[in-house]
Amino acid sequence: MLDLTMQAIQASLDGLAARQRITAQNLANSETPGYLAQTVSFEDSLSNAIGDGHVSGTEIATGTTGDPVNINGNNVSVDNETLSMVDTGLRYQLATESMNNKFRILHDSMRQDL
Amino acid sequence: MTISPIGNILGAAGLSPLQGTQSATAPTGTEATSGNTFTQALENVQASQDNADTLAKAAATGNLTDIHAYTIAATEASLTTELTVAVRDRAVESFNEIMRMQV
Amino acid sequence: MTSPMFPVFDIAGSALTTHRIWMNAIADNIANVNTVKSMDQPAYQERFIIAQELPSRSGDPVGVGGGVAPVAVELGDAEGRVVYDPQNPLADKNGLVRRPNMDLGDQMTNLILAQRAYQLNLAVVDRARESYQQALNINGR
């Protein structure tokens, strides 16, 4: 039932949700000594998978920011994490909008007002 | 008393026999127009849905710089779909009405 | 680069980071306003953050810049104010010590400037987020 576009949207929702969790974890550990901030990336993998015509090969990968550490060995940048939250929130909203639009078009095509 | 057989009733009443009925569809002028509208709406729907899909995929991979481009395209796809459905519904309704007019 | 889809967040974000670093430097200066050094050492030197504009990101059609970044920390006067304070345990045989050569008024002014700039950039992020959310609501429903 889900065409390639809807599968892509669903994959991006999974990736964005993972990013949201990692951002929350980074913010919770903004003062923890020795904690290194983590990132989530899935966009390139998803882009390649779409080019091949499917999304099953999409990988949601975690990495580190590579930012310099402070005296405690912590490298969480609260500004960057906060902005990441705003960015992810908007993109999540956009993705759910897209999914709604796709389902609405399916509904419209199926209904019979005869 | 003799009863003469019934002869040409229609002729007695001044009527002529029924000619072949006209085709059940609308006259050729408006038929071409409604057919064209329907075809155009159908073609539009596919193009606008494909456009919205392309932008949605770009948004999913984080490559879309103008998100309003997607929302406008999605709204257009939604509206053209509704238009097509409405046109289809009217066409089917008209067809059914004509089919009900069996003599 | 945290936000390829919304460049404004990266631009405002660079300013948030830069001004936060500036506030750290100012805090360092204010914290050390009474740090006394002996004559054979440099005085506490005022920290200055050197900031520079960032070039525009590749692929940007308009070529508007990429924000701001701190590029260097400069240190101020190493001589400091030489003060006669014979009771101080760090005083040399002449009773002299070094105090930092900084104006507390300058530091407070800078602190207010840094705070204002930080708040303004937060406002940019907020307004941009609202605008994008309205774009997401273009629907007619």
# chains A, B, ... in the order shown; residues from 1 in each chain; ligands from 1

$ interface_residues --of "chain A" --to "chain B" --cutoff "8 Å" --atoms "only C-alpha atoms" --output "list in words"
Thr5, Ala8, Ile9, Ala11, Ser12, Phe42, Glu43, Asp44, Leu46, Ser47, Arg91, Leu94, Ala95, Ser98, Asn101, Arg104, Ile105, Asp108, Ser109, Gln112, Asp113 and Leu114 of chain A

$ interface_residues --of "chain C" --to "chain B" --cutoff "12 Å" --atoms "only C-alpha atoms" --output "JSON, numbers by chain"
{"C": [2, 3, 4, 5, 6, 7, 8, 59, 60, 61, 129, 131, 132, 133, 134, 135, 136, 137, 138, 139, 140, 141]}

$ residues_around --residues "range 27-40 of chain A" --least-positions-apart "5" --cutoff "8 Å" --atoms "only C-alpha atoms" --output "PyMOL selection string"
chain A and resi 15+18-19+22+60-65+69+72-78+81

$ closest_residue --among "A:Leu106, A:Arg111, A:Asn80, A:Met99" --to "chain C" --atoms "only C-alpha atoms"
A:Asn80

$ closest_residue --among "A:Gly51, A:Thr58, A:Ser41, A:Asn26" --to "chain C" --atoms "only C-alpha atoms"
A:Ser41

$ select_by_dssp --residues "chain C" --states "alpha helix (DSSP H)" --output "ChimeraX atom specification"
/C:7-31,104-136

$ residues_around --residues "Leu113 in chain C" --least-positions-apart "3" --cutoff "12 Å" --atoms "only C-alpha atoms" --output "mmCIF file with C-alpha atoms, in the first residue's frame"
data_model
loop_
_atom_site.group_PDB
_atom_site.id
_atom_site.type_symbol
_atom_site.label_atom_id
_atom_site.label_comp_id
_atom_site.auth_asym_id
_atom_site.auth_seq_id
_atom_site.Cartn_x
_atom_site.Cartn_y
_atom_site.Cartn_z
ATOM 1 C CA HIS C 19 28.835 35.124 22.083
ATOM 2 C CA ARG C 20 28.737 32.352 24.631
ATOM 3 C CA TRP C 22 32.766 35.807 24.654
ATOM 4 C CA MET C 23 30.697 35.679 27.832
ATOM 5 C CA ILE C 26 34.356 38.169 30.180
ATOM 6 C CA ASP C 106 34.442 47.797 30.321
ATOM 7 C CA GLN C 107 33.837 44.218 31.366
ATOM 8 C CA MET C 108 30.282 44.929 32.493
ATOM 9 C CA THR C 109 29.542 46.812 29.289
ATOM 10 C CA ASN C 110 30.872 43.912 27.246
ATOM 11 C CA ARG C 116 22.014 41.280 24.191
ATOM 12 C CA ALA C 117 23.544 39.744 21.089
ATOM 13 C CA TYR C 118 22.881 36.237 22.406
ATOM 14 C CA GLN C 119 19.226 37.106 23.060
ATOM 15 C CA LEU C 120 18.810 38.709 19.648
#

$ atom_distance --atom1 "CA of Leu54 in chain C" --atom2 "CA of Thr18 in chain C"
11.7 Å

$ interface_residues --of "chain A" --to "chain C" --cutoff "8 Å" --atoms "only C-alpha atoms" --output "list in words"
Asp79, Asn80, Leu83, Ser84, Val86, Asp87, Leu90, Gln93, Leu94 and Glu97 of chain A

$ write_last_selection --atoms "C-alpha atoms" --output "PDB file, in the first residue's frame"
ATOM      1  CA  ASP A  79      23.696  25.834  21.442  1.00  0.00           C
ATOM      2  CA  ASN A  80      24.146  23.307  18.660  1.00  0.00           C
ATOM      3  CA  LEU A  83      19.275  24.245  17.324  1.00  0.00           C
ATOM      4  CA  SER A  84      19.332  20.609  16.306  1.00  0.00           C
ATOM      5  CA  VAL A  86      14.454  22.997  16.500  1.00  0.00           C
ATOM      6  CA  ASP A  87      15.615  21.734  13.116  1.00  0.00           C
ATOM      7  CA  LEU A  90      10.416  21.245  12.010  1.00  0.00           C
ATOM      8  CA  GLN A  93       6.438  18.181  11.359  1.00  0.00           C
ATOM      9  CA  LEU A  94       7.082  18.403   7.623  1.00  0.00           C
ATOM     10  CA  GLU A  97       2.443  16.571   6.985  1.00  0.00           C
TER      11      GLU A  97
END

$ atom_distance --atom1 "CA of Asn121 in chain C" --atom2 "CA of Glu46 in chain C"
26.0 Å

$ atom_distance --atom1 "CA of Leu4 in chain A" --atom2 "CA of Thr88 in chain A"
22.1 Å
